[in-house]
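Okay, structure first, notes after.
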Amino acid sequence: MWQLDPHTKAKHDLLRSYLGGWFPVLSSYNGRIVFLDGFAGPGRYKSGEPGSPIIALDTLLSHSYFSQMNCEFLFFFCESKRDRFESLAQQIQGYKEANQPWPQNVKVQLVNSEFSETVTSLIGHLHSQKRRLAPTFAFVDPFGFSGLPMSVLADLLSFDRCELFVNYMVDHVNRFATAGNVDHHLVDLFGTSEYKLVGSLPPGASRQQFLHDLYERQLTDVCNFPYVQSFAMINKTGHIGYYLFHGTRGIKGVELMKEAMWKVDPGGGFTFSDRLAGQDVLFTDSAVDTEPLRQSLLAQYSGRRVSIMALEQFTLIHTPYKKSHLRRPVLAPLEKAGIIQVQRPGRTGFPDGTWITFP
């Protein structure tokens, strides 16, 4: 076991918040859903804080709507290190004993093998049974960049309604991209050798941005995710330590992740960040700066008449902001200043059916 550092706590808070919305939505129209933790760890941290497996289980069992979720929940916890696996098994057993009677619709399977081996075996079993994987949320949080092949992610997530939340250690990748001694791991990671082009770029942010864009493009092209969001994790020195990537095939998944992102209090000087219109957007609900969103909308829709629904979709998919940042914080001041013209079905606000004309 090791100490829980601030950035890991931020990831775990985000995971808990997202699953709190994902479980009830998916269980409402599926007979089974799966949570897969690819690098599960020992189950607890030195000071007793729960690891991601117990967080996932507890988010479900303590959910206010759990009794109404008529669905089978299958949890796969994969950990390759033997000592960590044994610790994880003890922690899961202790959690189950403390939550008796254990609900019959919640199944837990622990796997002591590499993530890629586990996924390959699972997919092979499903194919042999001529079955498809149930809607799955794959939480993939490795300690580096090895053992995470893009091809394995593509096979796993090719099934309908599967989602990915992955920690992409861009700082480590940037450090070893031109070393030449771990190329096989990097080719697996990206599913291409294009990362080697980073060697022709000057040191600094441009290299990191290139590696970010390449990974994002591969998640879109190889894994077939139409919606890929990335969030920089900025450390106390102001540098990007890694990116959190979320891939989904449904706009509802984008909306849930945005809500979760803005809800999390990073603490400890660790901050979520993204960029829009040349400016950093920090994920904290206190004093949200919506100026980048305002400028982006004015540029995107200049001279056009557009529905409120289209503006919401643009905000969700193409910006770091969530829907609630659009109407009152951005559109209301624009209308008051006479910059936009609004046609609405009612007298006030921006209800569905509203159309906005931009200058």
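Within each chain, counting starts at residue 1; across the structure tokens, chains are named A, B, ... in the order shown, with ligands numbered 1 upward in that order.
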
Quiz item: Residues at most 9 Å from Arg327 in chain A, counting only C-alpha atoms, excluding those fewer than 6 positions away in the same chain, as a VMD selection string?
Solution: chain A and resid 308 312 349 to 350

Would you save the residues from that selection as a compact mmCIF listing (two decimals), in the first residue's frame, using N, CA, C and O atoms?
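What ended up in part17.txt:
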```txt
# COMPACT_ATOMS: atom_id res chain seq x y z
N ILE A 308 -31.40 26.55 -29.58
CA ILE A 308 -30.78 26.40 -28.26
C ILE A 308 -30.25 24.98 -28.09
O ILE A 308 -29.22 24.76 -27.45
N GLU A 312 -26.42 23.90 -27.09
CA GLU A 312 -26.11 23.01 -25.97
C GLU A 312 -25.19 21.88 -26.42
O GLU A 312 -24.24 21.53 -25.72
N GLY A 349 -36.24 33.57 -20.37
CA GLY A 349 -35.34 32.42 -20.38
C GLY A 349 -35.03 31.91 -21.77
O GLY A 349 -35.30 32.57 -22.79
N PHE A 350 -34.46 30.71 -21.83
CA PHE A 350 -34.08 30.09 -23.09
C PHE A 350 -34.59 28.65 -23.12
O PHE A 350 -33.81 27.69 -23.13
```

Self-check item: Residues of range 94-282 of chain A in helix (DSSP H, G or I), written as number ranges by chain
Solution: A: 94-97, 115-128, 150-156, 170-176, 183-190, 194-200, 205-221, 251-263

Self-check item: Minimum-distance residue to Gly21 in chain A, chosen among A:Val140, A:Ala260, A:Arg175, A:Leu219 (using only C-alpha atoms)
Solution: A:Ala260

Quiz item: Do you know which residues are at most 7 Å from Val111 in chain A counting only C-alpha atoms, after dropping those on the same chain fewer than 5 positions away, and could you put them as a ChimeraX atom specification?
Solution: /A:77-79

Take the residues just selected and output them with all heavy atoms as a compact mmCIF listing (two decimals), in the first residue's frame.
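Once everything was written out, this is result.txt:
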```txt
# COMPACT_ATOMS: atom_id res chain seq x y z
N PHE A 77 -12.37 -6.88 -11.39
CA PHE A 77 -11.22 -6.18 -10.84
C PHE A 77 -9.96 -6.94 -11.23
O PHE A 77 -9.74 -8.07 -10.79
CB PHE A 77 -11.32 -6.07 -9.32
CG PHE A 77 -12.55 -5.32 -8.85
CD1 PHE A 77 -13.32 -5.81 -7.82
CD2 PHE A 77 -12.92 -4.13 -9.46
CE1 PHE A 77 -14.45 -5.13 -7.38
CE2 PHE A 77 -14.04 -3.44 -9.04
CZ PHE A 77 -14.82 -3.93 -7.99
N CYS A 78 -9.14 -6.32 -12.05
CA CYS A 78 -7.95 -6.97 -12.61
C CYS A 78 -6.70 -6.37 -11.97
O CYS A 78 -6.50 -5.16 -12.01
CB CYS A 78 -7.93 -6.78 -14.12
SG CYS A 78 -6.49 -7.46 -14.93
N GLU A 79 -5.88 -7.22 -11.38
CA GLU A 79 -4.61 -6.78 -10.79
C GLU A 79 -3.56 -7.86 -11.02
O GLU A 79 -3.73 -9.01 -10.61
CB GLU A 79 -4.76 -6.51 -9.29
CG GLU A 79 -3.47 -6.18 -8.58
CD GLU A 79 -2.69 -5.06 -9.25
OE1 GLU A 79 -3.25 -3.97 -9.49
OE2 GLU A 79 -1.49 -5.28 -9.55
```
